[in-house]
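One file, query.cif, carrying mmCIF, C-alpha atoms and all ligand atoms:
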data_input
loop_
_atom_site.label_atom_id
_atom_site.label_comp_id
_atom_site.auth_asym_id
_atom_site.auth_seq_id
_atom_site.Cartn_x
_atom_site.Cartn_y
_atom_site.Cartn_z
CA MET A 1 19.68 19.97 2.80
CA ILE A 2 16.93 17.37 2.25
CA GLU A 3 19.56 14.72 1.58
CA GLN A 4 20.39 14.85 5.28
CA PHE A 5 16.97 13.37 5.96
CA ILE A 6 16.49 11.09 2.98
CA PRO A 7 19.08 10.04 0.37
CA ALA A 8 18.76 11.30 -3.19
CA GLY A 9 18.57 8.17 -5.31
CA SER A 10 17.73 9.27 -8.85
CA THR A 11 19.30 11.50 -11.46
CA TYR A 12 16.60 14.11 -10.97
CA ALA A 13 16.35 13.97 -7.17
CA GLY A 14 18.92 16.80 -7.04
CA ASN A 15 16.79 19.01 -9.30
CA ILE A 16 13.76 18.58 -7.06
CA ASP A 17 15.82 19.17 -3.92
CA GLY A 18 17.36 22.27 -5.51
CA GLN A 19 13.90 23.63 -6.20
CA ILE A 20 12.75 22.93 -2.65
CA ASP A 21 15.92 24.58 -1.31
CA LEU A 22 15.32 27.64 -3.49
CA ILE A 23 11.79 28.01 -2.17
CA PHE A 24 13.00 27.41 1.38
CA VAL A 25 15.70 30.07 1.16
CA LEU A 26 13.55 32.73 -0.53
CA VAL A 27 10.50 32.17 1.64
CA GLY A 28 12.69 31.81 4.74
CA PHE A 29 14.44 35.12 4.00
CA TRP A 30 11.15 37.00 3.69
CA PHE A 31 9.65 35.23 6.67
CA ILE A 32 12.49 36.17 8.98
CA LEU A 33 12.76 39.70 7.64
CA SER A 34 9.04 40.40 7.91
CA GLU A 35 8.75 38.91 11.39
CA ALA A 36 11.78 40.93 12.50
CA ILE A 37 10.27 44.17 11.18
CA PHE A 38 6.86 43.29 12.57
CA PHE A 39 8.06 42.60 16.09
CA GLY A 40 10.61 45.45 15.86
CA LEU A 41 7.86 47.93 15.14
CA ILE A 42 5.63 46.55 17.86
CA PHE A 43 8.48 46.88 20.34
CA ARG A 44 9.60 50.30 19.22
CA PHE A 45 6.13 51.83 19.25
CA ARG A 46 4.79 50.06 22.31
CA LYS A 47 2.90 51.95 24.99
CA LYS A 48 5.28 54.14 26.98
CA GLN A 49 5.09 56.68 29.75
CA GLY A 50 3.25 59.67 28.35
CA GLN A 51 2.83 58.09 24.92
CA PRO A 52 -0.33 56.04 24.36
CA ALA A 53 -0.41 53.32 21.69
CA GLU A 54 -1.86 54.62 18.46
CA TYR A 55 -4.08 52.99 15.87
CA ILE A 56 -2.72 53.58 12.36
CA THR A 57 -4.99 53.06 9.38
CA GLY A 58 -2.05 52.78 6.98
CA GLU A 59 -3.49 54.98 4.24
CA GLU A 60 -0.58 57.33 3.83
CA LYS A 61 1.90 56.63 1.08
CA SER A 62 4.86 56.57 3.46
CA GLN A 63 3.10 53.85 5.45
CA LYS A 64 1.81 51.85 2.50
CA ARG A 65 5.37 51.53 1.22
CA TRP A 66 5.97 48.95 3.94
CA ILE A 67 3.58 46.69 2.03
CA THR A 68 4.06 47.61 -1.61
CA VAL A 69 7.86 47.51 -1.77
CA PRO A 70 8.26 44.02 -0.26
CA HIS A 71 5.25 42.90 -2.28
CA PHE A 72 7.02 43.68 -5.54
CA LEU A 73 10.28 42.18 -4.30
CA VAL A 74 8.43 38.98 -3.39
CA LEU A 75 6.91 38.90 -6.87
CA VAL A 76 10.44 39.09 -8.30
CA CYS A 77 11.35 36.06 -6.16
CA ASP A 78 8.27 34.27 -7.50
CA VAL A 79 9.63 34.64 -10.99
CA PHE A 80 12.74 32.70 -9.97
CA ILE A 81 10.66 30.02 -8.24
CA ILE A 82 8.30 29.59 -11.18
CA TRP A 83 11.16 29.56 -13.66
CA GLY A 84 12.87 26.82 -11.63
CA ALA A 85 9.66 24.88 -11.13
CA ILE A 86 8.84 24.82 -14.83
CA ASN A 87 12.35 23.64 -15.67
CA VAL A 88 12.27 20.84 -13.11
CA TRP A 89 8.72 19.82 -14.02
CA TYR A 90 9.65 19.71 -17.68
CA HIS A 91 12.72 17.57 -17.00
CA VAL A 92 10.96 15.09 -14.69
CA LYS A 93 7.50 14.82 -16.18
CA GLN A 94 7.59 16.07 -19.78
CA GLU A 95 10.94 14.89 -21.09
CA LEU A 96 11.32 11.19 -21.79
CA PRO A 97 14.93 10.10 -22.25
CA PRO A 98 15.19 6.87 -24.28
CA ALA A 99 14.58 3.78 -22.16
CA GLN A 100 17.18 1.12 -21.55
CA GLU A 101 14.52 -0.97 -19.81
CA THR A 102 10.81 -0.70 -19.12
CA VAL A 103 8.79 -1.92 -16.15
CA ARG A 104 5.04 -2.21 -15.80
CA ILE A 105 3.56 -1.01 -12.51
CA ILE A 106 0.03 -1.87 -11.46
CA GLY A 107 -1.61 -0.41 -8.37
CA GLN A 108 -4.65 -2.11 -6.93
CA GLN A 109 -6.27 -2.20 -3.52
CA TRP A 110 -3.80 -2.53 -1.69
CA THR A 111 -0.64 -3.75 -3.31
CA TRP A 112 1.73 -2.86 -6.11
CA THR A 113 2.45 -5.40 -8.82
CA PHE A 114 5.69 -4.92 -10.73
CA VAL A 115 6.22 -6.67 -14.03
CA HIS A 116 9.95 -6.84 -14.80
CA PRO A 117 11.02 -7.56 -18.37
CA GLY A 118 13.06 -10.70 -17.60
CA PRO A 119 16.21 -11.94 -19.35
CA ASP A 120 15.11 -10.82 -22.86
CA LYS A 121 14.60 -7.23 -21.58
CA GLN A 122 11.23 -7.13 -23.38
CA LEU A 123 7.93 -6.60 -21.60
CA GLY A 124 4.93 -8.72 -22.54
CA THR A 125 6.89 -11.91 -23.19
CA ALA A 126 6.77 -15.28 -21.43
CA ASP A 127 9.86 -14.60 -19.33
CA ASP A 128 8.44 -11.50 -17.62
CA ILE A 129 8.85 -11.53 -13.86
CA ALA A 130 5.75 -10.37 -11.99
CA LYS A 131 6.27 -9.56 -8.33
CA VAL A 132 3.92 -8.17 -5.74
CA ASN A 133 5.31 -5.38 -3.55
CA GLU A 134 8.88 -5.90 -4.82
CA LEU A 135 10.53 -3.77 -7.50
CA HIS A 136 14.04 -4.68 -8.60
CA LEU A 137 16.05 -2.20 -10.64
CA LYS A 138 19.55 -1.96 -12.02
CA VAL A 139 21.49 1.08 -10.88
CA ASP A 140 22.45 3.78 -13.45
CA THR A 141 19.88 2.54 -15.94
CA THR A 142 17.21 4.68 -17.54
CA TYR A 143 13.82 3.08 -16.97
CA HIS A 144 10.46 3.90 -18.42
CA PHE A 145 7.49 2.89 -16.33
CA LYS A 146 4.00 2.10 -17.55
CA LEU A 147 1.73 2.90 -14.65
CA GLU A 148 -1.77 1.47 -14.32
CA ALA A 149 -4.50 1.25 -11.68
CA ARG A 150 -6.96 -1.63 -11.54
CA ASP A 151 -9.65 -0.16 -9.32
CA VAL A 152 -9.36 3.37 -7.95
CA VAL A 153 -6.82 6.19 -8.14
CA HIS A 154 -3.48 5.35 -6.52
CA SER A 155 -0.25 7.31 -6.49
CA PHE A 156 3.13 5.72 -7.07
CA SER A 157 5.51 7.45 -4.70
CA VAL A 158 9.22 6.74 -4.33
CA PRO A 159 10.66 9.21 -1.83
CA VAL A 160 14.33 8.50 -2.64
CA PHE A 161 13.66 9.19 -6.33
CA ARG A 162 11.59 12.27 -5.41
CA LEU A 163 8.98 10.80 -7.73
CA LYS A 164 5.23 10.83 -7.27
CA GLN A 165 2.83 9.95 -10.06
CA ASP A 166 -0.90 9.28 -9.86
CA ALA A 167 -2.16 6.01 -11.31
CA ILE A 168 -5.56 6.40 -12.95
CA PRO A 169 -7.90 3.51 -13.77
CA GLY A 170 -8.24 3.14 -17.53
CA ARG A 171 -5.01 4.93 -18.35
CA VAL A 172 -1.46 3.72 -18.89
CA ILE A 173 0.80 6.56 -17.79
CA THR A 174 4.38 6.57 -19.01
CA GLY A 175 7.19 8.18 -17.04
CA TRP A 176 10.86 7.64 -16.33
CA PHE A 177 13.53 7.46 -13.67
CA GLU A 178 17.17 6.54 -13.40
CA PRO A 179 18.31 5.12 -10.06
CA THR A 180 21.75 6.22 -8.91
CA LEU A 181 22.04 4.59 -5.48
CA THR A 182 22.07 0.90 -4.66
CA GLY A 183 20.17 -0.31 -1.62
CA GLU A 184 16.67 -0.98 -0.35
CA PHE A 185 14.14 1.82 -0.27
CA ASP A 186 10.45 2.45 0.33
CA ILE A 187 7.66 2.71 -2.18
CA GLN A 188 4.31 3.93 -0.95
CA CYS A 189 0.87 4.83 -2.15
CA ALA A 190 0.33 8.56 -1.90
CA GLU A 191 -3.34 8.84 -2.80
CA MET A 192 -6.18 7.87 -0.48
CA CYS A 193 -7.43 4.64 -2.00
CA GLY A 194 -9.51 2.97 0.67
CA ILE A 195 -9.18 1.22 3.99
CA GLY A 196 -5.79 -0.34 3.21
CA HIS A 197 -4.17 2.83 1.85
CA GLY A 198 -1.81 3.29 4.77
CA LEU A 199 -0.60 -0.29 4.38
CA MET A 200 0.02 -0.08 0.65
CA GLY A 201 3.79 -0.08 0.73
CA ALA A 202 6.34 -1.91 -1.36
CA LYS A 203 10.08 -2.52 -1.36
CA LEU A 204 12.45 -1.10 -3.94
CA SER A 205 15.79 -2.85 -4.43
CA VAL A 206 18.32 -1.04 -6.55
CA GLU A 207 21.06 -3.48 -7.46
CA SER A 208 24.42 -3.40 -9.19
CA ALA A 209 24.45 -4.80 -12.73
CA ALA A 210 25.83 -8.16 -11.55
CA GLU A 211 23.41 -8.49 -8.64
CA HIS A 212 20.51 -7.56 -10.85
CA ALA A 213 21.47 -10.08 -13.51
CA ALA A 214 21.68 -12.77 -10.84
CA TRP A 215 18.25 -11.82 -9.51
CA VAL A 216 16.70 -11.87 -12.99
CA ALA A 217 18.23 -15.28 -13.69
CA SER A 218 16.98 -16.75 -10.41
CA GLU A 219 13.45 -15.39 -10.80
CA SER A 220 12.82 -15.90 -14.49
CA PRO A 221 9.70 -18.06 -14.83
CA LEU A 222 11.39 -20.03 -17.63
CA GLU A 223 14.36 -20.82 -15.40
CA LEU A 224 12.02 -21.83 -12.59
CA ALA A 225 10.02 -24.06 -14.92
CA ALA A 226 13.21 -25.71 -16.13
CA ALA A 227 14.36 -26.28 -12.54
CA ASN A 228 11.07 -28.07 -11.83
CA MET A 229 11.46 -30.37 -14.81
CA PRO A 230 14.30 -32.83 -14.14
CA GLN A 231 13.90 -34.43 -17.58
CA LEU A 232 15.34 -31.26 -19.06
CA ALA A 233 18.61 -31.68 -17.21
CA VAL A 234 21.16 -32.63 -19.85
CA GLU A 235 23.50 -34.64 -17.63
CA GLU A 236 20.98 -37.35 -16.82
CA MET B 19 -11.45 35.32 32.85
CA ARG B 20 -7.82 34.34 32.65
CA MET B 21 -8.30 31.96 35.60
CA THR B 22 -11.09 30.03 33.88
CA LEU B 23 -9.09 29.80 30.67
CA THR B 24 -6.09 28.34 32.48
CA ARG B 25 -8.32 26.00 34.41
CA THR B 26 -10.08 24.79 31.27
CA LEU B 27 -6.73 24.18 29.61
CA VAL B 28 -5.33 22.24 32.53
CA ALA B 29 -8.55 20.23 32.82
CA SER B 30 -8.64 19.30 29.13
CA ILE B 31 -4.96 18.35 29.02
CA THR B 32 -5.37 16.15 32.09
CA THR B 33 -8.43 14.49 30.55
CA LEU B 34 -6.51 13.80 27.35
CA LEU B 35 -3.58 12.30 29.22
CA VAL B 36 -5.81 10.10 31.35
CA ALA B 37 -7.71 8.97 28.28
CA ALA B 38 -4.50 8.19 26.40
CA PHE B 39 -3.18 5.96 29.16
CA ALA B 40 -6.50 4.40 30.09
CA LEU B 41 -7.37 3.30 26.54
CA PRO B 42 -4.94 0.41 26.09
CA VAL B 43 -5.75 -0.88 29.56
CA ALA B 44 -9.47 -0.86 28.88
CA ALA B 45 -8.85 -2.68 25.61
CA ALA B 46 -6.83 -5.54 27.11
CA ASP B 47 -9.84 -7.75 27.56
CA GLY B 48 -12.19 -7.84 24.61
CA ARG B 49 -9.13 -7.21 22.44
CA GLY B 50 -10.26 -9.69 19.80
CA GLU B 51 -13.64 -8.06 19.51
CA GLN B 52 -12.05 -4.64 19.28
CA LEU B 53 -9.67 -5.74 16.53
CA PHE B 54 -12.55 -7.38 14.69
CA GLU B 55 -14.05 -3.96 13.98
CA LEU B 56 -11.61 -3.69 11.09
CA CYS B 57 -12.41 -7.17 9.80
CA ALA B 58 -16.12 -6.40 9.88
CA GLN B 59 -15.61 -3.71 7.21
CA CYS B 60 -15.16 -6.44 4.61
CA HIS B 61 -16.18 -9.74 6.19
CA GLY B 62 -19.42 -8.29 7.61
CA SER B 63 -20.42 -7.50 11.18
CA ALA B 64 -21.27 -11.18 11.84
CA ALA B 65 -18.30 -12.31 9.69
CA GLU B 66 -20.88 -13.73 7.30
CA GLY B 67 -18.91 -12.78 4.18
CA ASN B 68 -19.53 -10.19 1.48
CA GLN B 69 -19.05 -11.02 -2.17
CA MET B 70 -18.77 -7.32 -3.08
CA THR B 71 -15.50 -7.10 -1.18
CA LEU B 72 -14.51 -10.71 -2.04
CA ALA B 73 -14.23 -11.38 1.70
CA PRO B 74 -15.60 -14.82 2.67
CA ALA B 75 -17.57 -15.92 5.72
CA ILE B 76 -15.05 -16.59 8.46
CA ALA B 77 -17.42 -16.79 11.43
CA GLY B 78 -16.99 -20.01 13.36
CA LEU B 79 -13.95 -21.25 11.44
CA ASP B 80 -11.61 -23.19 13.72
CA GLU B 81 -9.30 -20.97 15.71
CA TRP B 82 -6.15 -22.84 14.60
CA TYR B 83 -7.14 -22.37 10.97
CA VAL B 84 -7.88 -18.64 11.26
CA GLU B 85 -4.63 -18.08 13.12
CA ALA B 86 -2.64 -20.12 10.60
CA GLN B 87 -4.13 -18.35 7.60
CA LEU B 88 -3.60 -14.92 9.15
CA ASN B 89 0.04 -15.84 9.63
CA TYR B 90 0.33 -17.13 6.05
CA PHE B 91 -0.98 -13.77 4.88
CA ARG B 92 1.39 -11.97 7.23
CA ASN B 93 4.50 -13.79 6.04
CA GLY B 94 3.51 -13.47 2.39
CA ALA B 95 2.74 -17.17 1.78
CA ARG B 96 -0.80 -16.19 0.80
CA GLY B 97 -2.20 -13.14 -0.93
CA LEU B 98 0.88 -11.88 -2.73
CA HIS B 99 0.31 -13.46 -6.12
CA PRO B 100 -0.32 -10.90 -8.89
CA GLY B 101 -3.51 -12.76 -9.87
CA ASP B 102 -4.98 -12.89 -6.37
CA THR B 103 -7.28 -9.86 -6.20
CA GLY B 104 -8.94 -10.96 -2.96
CA GLY B 105 -5.67 -12.02 -1.37
CA MET B 106 -4.10 -8.67 -2.15
CA ARG B 107 -6.92 -7.00 -0.25
CA MET B 108 -6.52 -9.27 2.75
CA TYR B 109 -2.71 -9.14 2.87
CA PRO B 110 -2.45 -5.54 4.14
CA MET B 111 -5.14 -6.24 6.73
CA SER B 112 -3.06 -9.10 8.07
CA ILE B 113 0.08 -7.00 8.48
CA TRP B 114 -2.05 -4.49 10.34
CA LEU B 115 -2.13 -7.16 13.08
CA SER B 116 1.31 -6.31 14.35
CA THR B 117 1.77 -8.89 17.13
CA ASP B 118 1.17 -12.63 17.47
CA GLU B 119 -1.00 -11.86 20.50
CA ASP B 120 -3.32 -9.75 18.38
CA VAL B 121 -3.52 -12.50 15.76
CA LYS B 122 -4.49 -14.99 18.46
CA ALA B 123 -6.98 -12.60 20.02
CA VAL B 124 -8.83 -11.86 16.79
CA ALA B 125 -8.69 -15.51 15.69
CA GLY B 126 -10.26 -16.50 19.00
CA TYR B 127 -13.02 -13.96 18.55
CA VAL B 128 -13.74 -14.99 14.94
CA ALA B 129 -13.86 -18.65 15.99
CA SER B 130 -16.32 -17.85 18.75
CA LEU B 131 -18.90 -16.44 16.32
CA PRO B 132 -21.66 -18.76 15.09
CA ARG B 133 -21.02 -20.20 11.60
CA ALA B 134 -22.80 -18.06 9.04
CA ASN B 135 -24.20 -20.61 6.55
CA PRO B 136 -24.66 -18.01 3.80
CA THR B 137 -27.19 -18.64 1.05
CA PRO B 138 -25.76 -20.05 -2.19
CA VAL B 139 -25.45 -17.68 -5.14
CA LEU B 140 -23.94 -19.93 -7.79
CA GLU B 141 -25.97 -21.76 -10.42
CA GLY B 142 -25.31 -24.67 -12.71
CA GLY B 143 -23.68 -27.03 -10.23
CA ASP B 144 -24.82 -30.66 -10.04
CA ALA B 145 -24.59 -31.78 -6.41
CA ALA B 146 -25.11 -35.45 -7.32
CA LYS B 147 -22.13 -35.46 -9.66
CA GLY B 148 -20.19 -33.43 -7.14
CA SER B 149 -20.72 -35.97 -4.39
CA ALA B 150 -18.63 -38.48 -6.36
CA PHE B 151 -15.68 -36.10 -6.43
CA TYR B 152 -16.25 -35.23 -2.81
CA LEU B 153 -15.39 -38.78 -1.73
CA VAL B 154 -11.73 -37.81 -2.15
CA CYS B 155 -12.14 -34.44 -0.47
CA ALA B 156 -13.85 -36.14 2.48
CA THR B 157 -10.65 -37.95 3.43
CA CYS B 158 -9.30 -34.62 4.62
CA HIS B 159 -12.23 -32.24 4.94
CA GLY B 160 -14.53 -34.82 6.54
CA GLN B 161 -17.63 -36.62 5.33
CA GLU B 162 -19.81 -33.78 6.57
CA GLY B 163 -17.36 -31.06 5.57
CA GLY B 164 -16.49 -30.30 9.17
CA GLY B 165 -12.74 -30.21 8.58
CA ASP B 166 -9.98 -32.17 10.30
CA PRO B 167 -7.37 -30.38 12.40
CA GLU B 168 -5.11 -33.44 12.31
CA LYS B 169 -4.86 -33.08 8.54
CA ASN B 170 -4.71 -29.26 8.77
CA SER B 171 -7.90 -29.23 6.73
CA PRO B 172 -10.40 -26.44 7.30
CA PRO B 173 -14.14 -26.94 7.43
CA LEU B 174 -15.88 -26.30 4.09
CA ARG B 175 -19.42 -26.55 5.41
CA GLY B 176 -21.02 -23.18 6.00
CA ALA B 177 -18.76 -21.31 3.57
CA ASN B 178 -19.82 -19.01 0.72
CA ASP B 179 -20.16 -21.05 -2.45
CA TRP B 180 -18.58 -18.29 -4.53
CA TYR B 181 -15.56 -18.34 -2.22
CA LEU B 182 -15.20 -22.14 -2.40
CA LEU B 183 -15.27 -21.93 -6.18
CA SER B 184 -12.79 -19.07 -6.37
CA SER B 185 -10.48 -20.90 -3.95
CA LEU B 186 -10.54 -24.04 -6.10
CA GLU B 187 -9.87 -21.94 -9.21
CA LYS B 188 -6.97 -20.25 -7.46
CA TYR B 189 -5.41 -23.53 -6.32
CA LYS B 190 -5.77 -24.86 -9.85
CA ALA B 191 -4.21 -21.77 -11.43
CA LYS B 192 -1.45 -21.90 -8.77
CA ILE B 193 -2.47 -18.42 -7.61
CA ARG B 194 -3.00 -19.74 -4.09
CA GLY B 195 -0.76 -22.25 -2.44
CA GLY B 196 2.54 -22.00 -4.27
CA SER B 197 4.62 -21.01 -1.27
CA PRO B 198 7.02 -23.48 0.38
CA LEU B 199 6.06 -21.77 3.67
CA ASN B 200 2.69 -23.54 3.55
CA PRO B 201 3.06 -27.25 2.64
CA ASN B 202 -0.66 -27.81 3.38
CA ALA B 203 -1.62 -25.53 0.55
CA VAL B 204 0.82 -27.29 -1.74
CA VAL B 205 -1.03 -30.52 -0.94
CA MET B 206 -4.37 -28.87 -1.69
CA GLN B 207 -2.95 -27.50 -4.93
CA GLY B 208 -2.09 -31.03 -6.01
CA THR B 209 -5.43 -32.49 -4.90
CA VAL B 210 -7.48 -30.00 -6.87
CA ASN B 211 -6.29 -31.69 -10.05
CA ILE B 212 -8.79 -34.49 -9.50
CA LEU B 213 -11.39 -31.92 -10.58
CA PRO B 214 -10.90 -32.00 -14.35
CA ASP B 215 -12.67 -28.76 -15.32
CA ALA B 216 -14.68 -25.74 -14.22
CA GLN B 217 -17.92 -27.73 -14.25
CA ALA B 218 -16.49 -30.31 -11.86
CA MET B 219 -15.58 -27.49 -9.49
CA ARG B 220 -19.13 -26.16 -9.58
CA ASP B 221 -20.49 -29.66 -9.01
CA VAL B 222 -18.36 -30.34 -5.97
CA VAL B 223 -19.19 -26.91 -4.54
CA ALA B 224 -22.90 -27.63 -5.07
CA HIS B 225 -22.42 -30.81 -3.08
CA ILE B 226 -20.58 -29.01 -0.28
CA MET B 227 -23.50 -26.57 -0.05
CA THR B 228 -25.88 -29.46 0.64
CA LEU B 229 -23.78 -30.31 3.72
CA SER B 230 -24.66 -26.97 5.31
CA GLU B 231 -28.37 -27.70 5.38
CU CU A 301 -3.32 3.01 -3.18
#

Go ahead and express the file in the form of structure tokens.
Amino acid sequence: MIEQFIPAGSTYAGNIDGQIDLIFVLVGFWFILSEAIFFGLIFRFRKKQGQPAEYITGEEKSQKRWITVPHFLVLVCDVFIIWGAINVWYHVKQELPPAQETVRIIGQQWTWTFVHPGPDKQLGTADDIAKVNELHLKVDTTYHFKLEARDVVHSFSVPVFRLKQDAIPGRVITGWFEPTLTGEFDIQCAEMCGIGHGLMGAKLSVESAAEHAAWVASESPLELAAANMPQLAVEE
Amino acid sequence: MRMTLTRTLVASITTLLVAAFALPVAAADGRGEQLFELCAQCHGSAAEGNQMTLAPAIAGLDEWYVEAQLNYFRNGARGLHPGDTGGMRMYPMSIWLSTDEDVKAVAGYVASLPRANPTPVLEGGDAAKGSAFYLVCATCHGQEGGGDPEKNSPPLRGANDWYLLSSLEKYKAKIRGGSPLNPNAVVMQGTVNILPDAQAMRDVVAHIMTLSE
């Protein structure tokens, strides 16, 4: 249902959508039913010729049943919702499938800095690629992210992944995602963080393995340094 | 009772509609000043600069320079380096200016403000030593630090000393000025190498501050 409005671009996007659909269907069912009964009763017992409208206190058992029976049925539905929610939460936020690659994400007023591991696939080395407001990922790859905030609380939100994670100054928060769709998508800040909050957006590019390799090669600081140093060119 | 309710509703909706359409018209002149309300949050109400927010004095800078820098921020040539804390704050503000007309309007307003001449806050700079370095800077920025539009060089006189220093540090560390979109900044990045160390930067800034007096 939600996919009609925004594509599902991560392995767990479907789980989140399923949960939202479940809530939508259960709540929608009770909403429509209760409104139908509510307006039905109003219509049926409206003021008529020779029959004045009557105020009912609702203390009799036969009347109270209209509340208590649906109440318990709704509680049964809650059990399904909570059961689903815990499962999805556990999968998205508690589980941590082994990483194939790791990126470092830093939020600060009012940009996102993404540190990509570079050709050696290791973070914290000289060939890391740091980019502001640009995150490049390889499709079908399990990523861990290390999320930091430099000043105030931010929230790393990627609607196509159905991911939202607060970034807290002083903490490095680890999470994961696995992109399944190539293309360009939005990243946004989802926590009020000051005057530039609404402008704190970034671009996510999910690329095929070949495209991603080409991007890494063209952006690697070591490659760039070599390109700027003609004496390193072997042919000359 | 029902009459008054209907009448109130109609009246308030009409007022809202009129207000909604009248607002942009009223704003057409004085646009620059109106846009500046955002800038004032960081740069100060007289655009005198505020070190707390890292926003420098921009009052009275040349219009061409303000407009050019706003556009460098907007197209990502400035402010999008991971080490540029101040630039990363200014970048979103620049994209908030959605049209070239707005950029021109606010640049015109900023340029019309009197130069702020903020008081120096840095210590340990030797203006006498700095004046020797400044001989080179003067070829572009002018003997009196007034800038030179023909060389795309902004005025340095009347700036915050902490901002001058941080700008020099950023050029040196290649945090500012690396983009091919702004060849002027590439030039400045190269020139800054005549200042051998941090002390030389402080010295030349101390000299520039004497030009404001
Ligand atoms: Cu934020």

**Message:** Only residues of chain B matter here; which ones have an atom within 10 Å of chain A, counting only C-alpha atoms? Give them as a PyMOL selection string.
**Reply:** chain B and resi 56+59-60+94+97-101+103-114

Could the residues in this selection be written to a file with C-alpha atoms, as a PDB file, in the frame of the given file?
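Final output, result-v2.pdb:
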ATOM      1  CA  LEU B  56     -11.610  -3.690  11.090  1.00  0.00           C
ATOM      2  CA  GLN B  59     -15.610  -3.710   7.210  1.00  0.00           C
ATOM      3  CA  CYS B  60     -15.160  -6.440   4.610  1.00  0.00           C
ATOM      4  CA  GLY B  94       3.510 -13.470   2.390  1.00  0.00           C
ATOM      5  CA  GLY B  97      -2.200 -13.140  -0.930  1.00  0.00           C
ATOM      6  CA  LEU B  98       0.880 -11.880  -2.730  1.00  0.00           C
ATOM      7  CA  HIS B  99       0.310 -13.460  -6.120  1.00  0.00           C
ATOM      8  CA  PRO B 100      -0.320 -10.900  -8.890  1.00  0.00           C
ATOM      9  CA  GLY B 101      -3.510 -12.760  -9.870  1.00  0.00           C
ATOM     10  CA  THR B 103      -7.280  -9.860  -6.200  1.00  0.00           C
ATOM     11  CA  GLY B 104      -8.940 -10.960  -2.960  1.00  0.00           C
ATOM     12  CA  GLY B 105      -5.670 -12.020  -1.370  1.00  0.00           C
ATOM     13  CA  MET B 106      -4.100  -8.670  -2.150  1.00  0.00           C
ATOM     14  CA  ARG B 107      -6.920  -7.000  -0.250  1.00  0.00           C
ATOM     15  CA  MET B 108      -6.520  -9.270   2.750  1.00  0.00           C
ATOM     16  CA  TYR B 109      -2.710  -9.140   2.870  1.00  0.00           C
ATOM     17  CA  PRO B 110      -2.450  -5.540   4.140  1.00  0.00           C
ATOM     18  CA  MET B 111      -5.140  -6.240   6.730  1.00  0.00           C
ATOM     19  CA  SER B 112      -3.060  -9.100   8.070  1.00  0.00           C
ATOM     20  CA  ILE B 113       0.080  -7.000   8.480  1.00  0.00           C
ATOM     21  CA  TRP B 114      -2.050  -4.490  10.340  1.00  0.00           C
TER      22      TRP B 114
END

**Request:** Find the spatial neighbours of Ala77 (chain B), counting all atoms listed in the file, within a cut-off of 8 Å - ignore same-chain residues fewer than 4 positions away - and output them as an NGL selection string.
**Result:** :B and (64-66 or 128-134)

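CA of Ser208 (chain A) sits 27.8 Å away from CA of Gln94 (chain A).
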
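For Asp166 (chain B), the non-local neighbours within 10 Å, defined as residues at least 5 positions apart in the same chain or in other chains and counting all atoms listed in the file, are B:Asp80, B:Ala156, B:Thr157, B:Cys158, B:His159, B:Gly160, B:Ser171, B:Pro172, B:Pro173.
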
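When all atoms listed in the file are used to measure the gap to Arg96 (chain B), the shortest distance among B:Thr228, B:Thr137, B:Asn200, B:Thr71 belongs to B:Asn200.
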
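We find CA of Asn89 (chain B) and CA of Gly194 (chain A) to be spaced 22.9 Å apart.
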
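For the set A:Val172, A:Val92, A:Ala99, A:Leu181, the residue with the smallest atom-to-atom gap to Tyr12 (chain A) is A:Val92, counting all atoms listed in the file.
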
**Top pick for closest residue to ligand CU 301 (chain A), considering A:His154, A:Lys146, A:His136, A:Lys48 and counting only C-alpha atoms and all ligand atoms** = A:His154

Find the residues near Ile187 (chain A): any atom within 9 Å, counting all atoms listed in the file, skip ones fewer than 2 places away on the same chain, and give them as a PDB file with C-alpha atoms, in the coordinates of the input.
ATOM      1  CA  ASN A 133       5.310  -5.380  -3.550  1.00  0.00           C
ATOM      2  CA  LEU A 135      10.530  -3.770  -7.500  1.00  0.00           C
ATOM      3  CA  PHE A 156       3.130   5.720  -7.070  1.00  0.00           C
ATOM      4  CA  SER A 157       5.510   7.450  -4.700  1.00  0.00           C
ATOM      5  CA  VAL A 158       9.220   6.740  -4.330  1.00  0.00           C
ATOM      6  CA  PRO A 159      10.660   9.210  -1.830  1.00  0.00           C
ATOM      7  CA  VAL A 160      14.330   8.500  -2.640  1.00  0.00           C
ATOM      8  CA  PHE A 185      14.140   1.820  -0.270  1.00  0.00           C
ATOM      9  CA  CYS A 189       0.870   4.830  -2.150  1.00  0.00           C
ATOM     10  CA  MET A 200       0.020  -0.080   0.650  1.00  0.00           C
ATOM     11  CA  GLY A 201       3.790  -0.080   0.730  1.00  0.00           C
ATOM     12  CA  ALA A 202       6.340  -1.910  -1.360  1.00  0.00           C
ATOM     13  CA  LYS A 203      10.080  -2.520  -1.360  1.00  0.00           C
ATOM     14  CA  LEU A 204      12.450  -1.100  -3.940  1.00  0.00           C
TER      15      LEU A 204
END

**Request:** Pull the neighbourhood of (-2.9, 1.8, -15.0) for me: all residues within 6 Å in file coordinates, counting only C-alpha atoms, as a PyMOL selection string.
**Result:** chain A and resi 106+147-149+167-169+171-172

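The smallest atom-to-atom distance between ligand CU 301 (chain A) and any of A:Asp78, A:Asp127, A:Glu59, A:Glu191, using only C-alpha atoms and all ligand atoms, is found for A:Glu191.
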
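Here CA of Pro117 (chain A) and CA of Arg104 (chain A) stand 8.4 Å from one another.
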
**Asked** Which polymer residues have any atom within 8 Å of an atom of region 208-219 of chain B, counting all atoms listed in the file, with same-chain residues fewer than 6 positions away left out, as number ranges by chain?
**Response** B: 143, 147-148, 151, 183, 186-187, 189-190
